[in-house]
Every structure is written in structure tokens, then in C-alpha cells.
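Report on one structure; see the data block that follows.
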Amino acid sequence: MLRTSRLAPVDILSSAVPAVADLDVIIPAYNEELRIGEALEALCRQFSAQPGRIRILVVDNNSVDSTVEAVDRVRRHGVRIDIVNCRTPGKGAAVRAGVAHATAPYIAYVDADTSVPPKVLATGLALLEHGWDGVVGSRRALGGRYAVAQPLVRRVGSRVFNLLARTIVGPLSDTQCGMKMFRREVAGDLFAESRIDGFAFDVEILARARAANLSLMELPITWTDSTGSSFAPVKHGIASFREIARVHSMTRGLSRVA
């Protein structure tokens with residue numbers, strides 16, 4: 001796959017002497033001072049026995065609150081935490097910036113909350129190490145579930161969005177779950193070619209992965225909705241539907257696999 005110059009410039013604030021971990025965990029963060037501390041603490045506890053296995057890359061996406069200070073307060077558990085500054089707005093742009101900085105052989109990106117149990121990352125890492133190109137968290141795959149049902153407007157919007165997304169990504173059951181993992185060289189190519197900066201960026205990444213005939217494993221998860229999400233169902237929902245139309249236009253010329 002041909003690399004482009006799409007990757008955004010970043011500034012790095014490092015918390016430790018550079019060392020290559022097995023897994024770089026990217027967390028896009030925009031005004032997450034109230035939630036990110038708990039998420040980081042949970043990740044550190046999960047990998048406390050082998051803290052050198054992971055590095056956490058918090059991508060500060062132009063936050064105007066105390067997100068960075070909240071991250072600094074967690075830098076005491078042995079797990080390396082770096083802050084990547086991304087000036088281009090949008091979750092897709094933030095994850096792209098994190099991927100550009102990744103050095104581990106495997107990468108993951110998760111939301112800045114505790115909706116996805118940290119133990120899922122350990123399972124996903126084992127799958128990648130056994131040869132899968134990517135692991136896609138799913139609330140709809142067999143064994144996946146919502147711990148607490150989402151509000152009706154979120155459920156309806158999510159169902160419609162997912163049906164439209166499947167016309168682009170094929171049989172994947174859940175494109176918008178906040179956990180995905182890839183081999184780093186695969187992620188580098190996918191994100192270097194990507195164009196969507198907003199919430200629908202996952203659909204483009206998975207469409208490109210499907211066109212490249214990558215091996216993707218859907219990993220069922222138990223999802224717990226976290227309060228304080230920056231996703232506004234009306235504002236961001238309308239924008240996401242526009243983005244998915246753009247993804248369809250951009251990716252329809254790519255080769256398809258079953």
C-alpha cells in the first residue's frame with residue numbers, strides 16, 4: 001500500500017526514557033479531565049504485572065480543560081504514558097496522530113473512558129501475536145453485549161448507522177465499538193491513506209482493511225456506557241451520516257473481498 005503525507009504533525013511529551021513496548025494503546029482525548037484518569041488507572045492495573053508490555057499514548061485533541069494535568073497525575077504506576085498533541089480536530093485525526101507516533105509492533109485505540117474492559121486488550125494482543133492482522137471489538141458479535149441498554153435515540157441511531165456501514169465494510173457486526181487493534185505496519189498504511197477526521201473514521205479504516213484482504217477477528221465485549229461522552233447524538237450523528245456517504249464515495253473504487 002502506498003503511503004501518503006496525510007499524517008498530522010504532533011508534539012510529544014514523554015513520561016519516561018524511550019523504550020519499545022509490545023503494544024501502544026492510543027487514547028484520543030478532547031476535554032476528558034473527568035474521565036481519563038479512571039481509564040488510565042484501569043489500564044495500569046490490568047498490566048501491573050508486566051508494565052513494560054504496553055505504552056499509553058494519550059492524544060490531546062486541543063483540549064481546553066485540565067486533561068493533560070489529569071494524565072500527569074496517573075504517571076506513577078510503571079506503565080509509560082506519553083502525551084501526543086494533535087491540533088487537527090476530530091477523533092479520526094487524533095487516532096491518526098497516535099498511529100504516526102506508534103513504535104510498538106502492535107497498536108490499539110480505545111476511548112477515554114472505561115466502556116471497554118481493559119482485559120480485552122490483553123486478549124486482543126494475544127490474537128495479534130497469533131497472526132491476525134486486526135482485532136475489532138464488537139458489542140453485537142456472539143457473546144458481546146451492553147451491560148446497560150443505551151438510550152433509545154442512541155440505539156436507533158446506532159442501528160441505522162451500522163446498517164449503512166455494513167454496505168461498505170461487509171459482514172462486520174459493529175464498526176463503532178471504541179476498541180480496535182492492528183499490527184503496526186498494517187495500521188500505518190491504513191491511516192496514512194485515510195481522509196476522515198470525524199467519528200465515522202472507523203468505517204473508512206475497516207473498508208480499507210477489507211479491500212486489502214486483511215484478516216480481521218471480531219472480539220465480543222461487554223460494553224458499559226460511560227457518562228460524559230463528547231458525542232452529541234444530533235450534532236455528531238448528522239455529521240457522521242454525512243461522513244459515511246463520503247466514505248462510500250472514497251472507497252467504492254477499492255477492490256472488494258468476500
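Note on naming: chains are A, B, ... as they come in the C-alpha cells, residues start from 1 per chain, ligands start from 1 in the order shown.
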Review point. Could you write out, as a count of residues only, all the residues of stretch 112-195 of chain A that DSSP marks as alpha helix (DSSP H)?
Key: 39
Practice item. Tell me which protein, DNA and RNA residues are within 8 Å of A:Gln176, counting only C-alpha atoms, leaving out same-chain ones fewer than 6 positions away, and put them as a list of chain:residue names. Key: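 Contacts, in chain order: A:Asn162, A:Ala200, A:Asp202, A:Val203.
Each of A:Tyr30, A:Val59, A:Glu38, A:Cys86 was compared to A:Arg73 using only C-alpha atoms, and A:Glu38 turns out to be the nearest.
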Check your understanding: When DSSP works through the backbone of this structure, what residues of stretch 24-174 of chain A end up as strand (DSSP E or B), shown as a ChimeraX atom specification?
Key -> /A:24-29,54-60,80-85,106-110,134-138,145-146
Give me a file of those residues, with N, CA and C atoms, as a PDB file, in the first residue's frame.
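Saved file selection_32.pdb follows:
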```pdb
ATOM      1  N   ASP A  24       1.217  -0.395  21.783  1.00  0.00           N
ATOM      2  CA  ASP A  24       0.935   1.024  22.006  1.00  0.00           C
ATOM      3  C   ASP A  24      -0.578   1.207  22.044  1.00  0.00           C
ATOM      4  N   VAL A  25      -1.091   1.737  23.150  1.00  0.00           N
ATOM      5  CA  VAL A  25      -2.527   1.957  23.316  1.00  0.00           C
ATOM      6  C   VAL A  25      -2.806   3.444  23.126  1.00  0.00           C
ATOM      7  N   ILE A  26      -3.524   3.779  22.068  1.00  0.00           N
ATOM      8  CA  ILE A  26      -3.822   5.165  21.719  1.00  0.00           C
ATOM      9  C   ILE A  26      -5.179   5.562  22.301  1.00  0.00           C
ATOM     10  N   ILE A  27      -5.204   6.682  23.015  1.00  0.00           N
ATOM     11  CA  ILE A  27      -6.452   7.187  23.593  1.00  0.00           C
ATOM     12  C   ILE A  27      -6.666   8.614  23.116  1.00  0.00           C
ATOM     13  N   PRO A  28      -7.584   8.846  22.173  1.00  0.00           N
ATOM     14  CA  PRO A  28      -7.891  10.216  21.760  1.00  0.00           C
ATOM     15  C   PRO A  28      -8.646  10.926  22.874  1.00  0.00           C
ATOM     16  N   ALA A  29      -8.276  12.162  23.154  1.00  0.00           N
ATOM     17  CA  ALA A  29      -8.880  12.851  24.294  1.00  0.00           C
ATOM     18  C   ALA A  29      -9.176  14.305  23.960  1.00  0.00           C
ATOM     19  N   ILE A  54       3.127  -2.528  27.622  1.00  0.00           N
ATOM     20  CA  ILE A  54       2.336  -1.520  26.915  1.00  0.00           C
ATOM     21  C   ILE A  54       2.902  -0.124  27.148  1.00  0.00           C
ATOM     22  N   ARG A  55       2.603   0.750  26.206  1.00  0.00           N
ATOM     23  CA  ARG A  55       2.792   2.182  26.363  1.00  0.00           C
ATOM     24  C   ARG A  55       1.463   2.829  26.009  1.00  0.00           C
ATOM     25  N   ILE A  56       1.065   3.820  26.767  1.00  0.00           N
ATOM     26  CA  ILE A  56      -0.184   4.529  26.507  1.00  0.00           C
ATOM     27  C   ILE A  56       0.134   5.864  25.861  1.00  0.00           C
ATOM     28  N   LEU A  57      -0.511   6.130  24.725  1.00  0.00           N
ATOM     29  CA  LEU A  57      -0.361   7.395  24.013  1.00  0.00           C
ATOM     30  C   LEU A  57      -1.682   8.155  24.121  1.00  0.00           C
ATOM     31  N   VAL A  58      -1.719   9.146  24.989  1.00  0.00           N
ATOM     32  CA  VAL A  58      -2.904   9.996  25.106  1.00  0.00           C
ATOM     33  C   VAL A  58      -2.764  11.122  24.092  1.00  0.00           C
ATOM     34  N   VAL A  59      -3.687  11.195  23.151  1.00  0.00           N
ATOM     35  CA  VAL A  59      -3.632  12.232  22.117  1.00  0.00           C
ATOM     36  C   VAL A  59      -4.552  13.379  22.527  1.00  0.00           C
ATOM     37  N   ASP A  60      -3.947  14.470  22.971  1.00  0.00           N
ATOM     38  CA  ASP A  60      -4.708  15.648  23.381  1.00  0.00           C
ATOM     39  C   ASP A  60      -5.151  16.403  22.140  1.00  0.00           C
ATOM     40  N   ARG A  80       4.388   3.278  30.948  1.00  0.00           N
ATOM     41  CA  ARG A  80       4.788   4.535  30.312  1.00  0.00           C
ATOM     42  C   ARG A  80       3.570   5.205  29.669  1.00  0.00           C
ATOM     43  N   ILE A  81       3.413   6.491  29.943  1.00  0.00           N
ATOM     44  CA  ILE A  81       2.322   7.276  29.364  1.00  0.00           C
ATOM     45  C   ILE A  81       2.924   8.500  28.685  1.00  0.00           C
ATOM     46  N   ASP A  82       2.692   8.629  27.381  1.00  0.00           N
ATOM     47  CA  ASP A  82       3.132   9.801  26.625  1.00  0.00           C
ATOM     48  C   ASP A  82       1.912  10.601  26.186  1.00  0.00           C
ATOM     49  N   ILE A  83       2.101  11.897  26.042  1.00  0.00           N
ATOM     50  CA  ILE A  83       1.045  12.768  25.531  1.00  0.00           C
ATOM     51  C   ILE A  83       1.433  13.238  24.138  1.00  0.00           C
ATOM     52  N   VAL A  84       0.532  13.037  23.191  1.00  0.00           N
ATOM     53  CA  VAL A  84       0.722  13.482  21.816  1.00  0.00           C
ATOM     54  C   VAL A  84      -0.234  14.644  21.573  1.00  0.00           C
ATOM     55  N   ASN A  85       0.279  15.764  21.118  1.00  0.00           N
ATOM     56  CA  ASN A  85      -0.566  16.922  20.835  1.00  0.00           C
ATOM     57  C   ASN A  85      -0.997  16.921  19.375  1.00  0.00           C
ATOM     58  N   TYR A 106       2.474  -3.765  17.769  1.00  0.00           N
ATOM     59  CA  TYR A 106       1.011  -3.814  17.728  1.00  0.00           C
ATOM     60  C   TYR A 106       0.465  -2.524  18.321  1.00  0.00           C
ATOM     61  N   ILE A 107      -0.678  -2.068  17.776  1.00  0.00           N
ATOM     62  CA  ILE A 107      -1.315  -0.859  18.294  1.00  0.00           C
ATOM     63  C   ILE A 107      -2.791  -1.132  18.576  1.00  0.00           C
ATOM     64  N   ALA A 108      -3.330  -0.358  19.507  1.00  0.00           N
ATOM     65  CA  ALA A 108      -4.764  -0.397  19.803  1.00  0.00           C
ATOM     66  C   ALA A 108      -5.229   1.032  19.976  1.00  0.00           C
ATOM     67  N   TYR A 109      -6.505   1.268  19.727  1.00  0.00           N
ATOM     68  CA  TYR A 109      -7.066   2.549  20.143  1.00  0.00           C
ATOM     69  C   TYR A 109      -8.390   2.311  20.857  1.00  0.00           C
ATOM     70  N   VAL A 110      -8.552   3.027  21.961  1.00  0.00           N
ATOM     71  CA  VAL A 110      -9.729   2.883  22.813  1.00  0.00           C
ATOM     72  C   VAL A 110     -10.201   4.273  23.203  1.00  0.00           C
ATOM     73  N   GLY A 134      -5.864  -7.742  12.409  1.00  0.00           N
ATOM     74  CA  GLY A 134      -6.613  -6.776  13.196  1.00  0.00           C
ATOM     75  C   GLY A 134      -7.642  -7.456  14.087  1.00  0.00           C
ATOM     76  N   VAL A 135      -7.967  -6.801  15.185  1.00  0.00           N
ATOM     77  CA  VAL A 135      -8.995  -7.280  16.111  1.00  0.00           C
ATOM     78  C   VAL A 135      -9.993  -6.141  16.297  1.00  0.00           C
ATOM     79  N   VAL A 136     -11.266  -6.429  16.057  1.00  0.00           N
ATOM     80  CA  VAL A 136     -12.324  -5.416  16.096  1.00  0.00           C
ATOM     81  C   VAL A 136     -13.266  -5.740  17.247  1.00  0.00           C
ATOM     82  N   GLY A 137     -13.303  -4.875  18.252  1.00  0.00           N
ATOM     83  CA  GLY A 137     -14.234  -5.090  19.345  1.00  0.00           C
ATOM     84  C   GLY A 137     -15.672  -4.988  18.856  1.00  0.00           C
ATOM     85  N   SER A 138     -16.539  -5.849  19.377  1.00  0.00           N
ATOM     86  CA  SER A 138     -17.927  -5.863  18.913  1.00  0.00           C
ATOM     87  C   SER A 138     -18.891  -6.114  20.066  1.00  0.00           C
ATOM     88  N   ARG A 145     -22.233  -7.798  24.407  1.00  0.00           N
ATOM     89  CA  ARG A 145     -23.494  -7.264  24.945  1.00  0.00           C
ATOM     90  C   ARG A 145     -23.275  -5.878  25.526  1.00  0.00           C
ATOM     91  N   TYR A 146     -24.364  -5.180  25.779  1.00  0.00           N
ATOM     92  CA  TYR A 146     -24.360  -3.926  26.521  1.00  0.00           C
ATOM     93  C   TYR A 146     -24.674  -4.255  27.978  1.00  0.00           C
TER      94      TYR A 146
END
```
Review point. Can you tell me, as a PyMOL selection string, what residues are no more than 9 Å from A:Arg195 when counting only C-alpha atoms, ignoring any on the same chain fewer than 5 positions away?
Key: chain A and resi 6+92-93+201+204+247+250
Point to revise | Nearest residue to A:Asn62 from the set A:Arg210, A:Arg75, A:Arg139, A:Lys91 (distances using only C-alpha atoms) | key: A:Lys91
Review point. What gap, in Å, lies between atom CA of A:Glu41 and atom CA of A:Ala94?
Key: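 Rounded to one decimal, the two atoms are 21.2 Å apart.
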**Study point:** Within 8 Å of A:Ser48 using only C-alpha atoms, minus same-chain residues under 2 positions, as a list in words
**Key:**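 Neighbouring residues, sequence-local ones excluded: Cys44, Arg45, Gln46, Gln50, Pro51, His77, Gly78 and Val79 of chain A.
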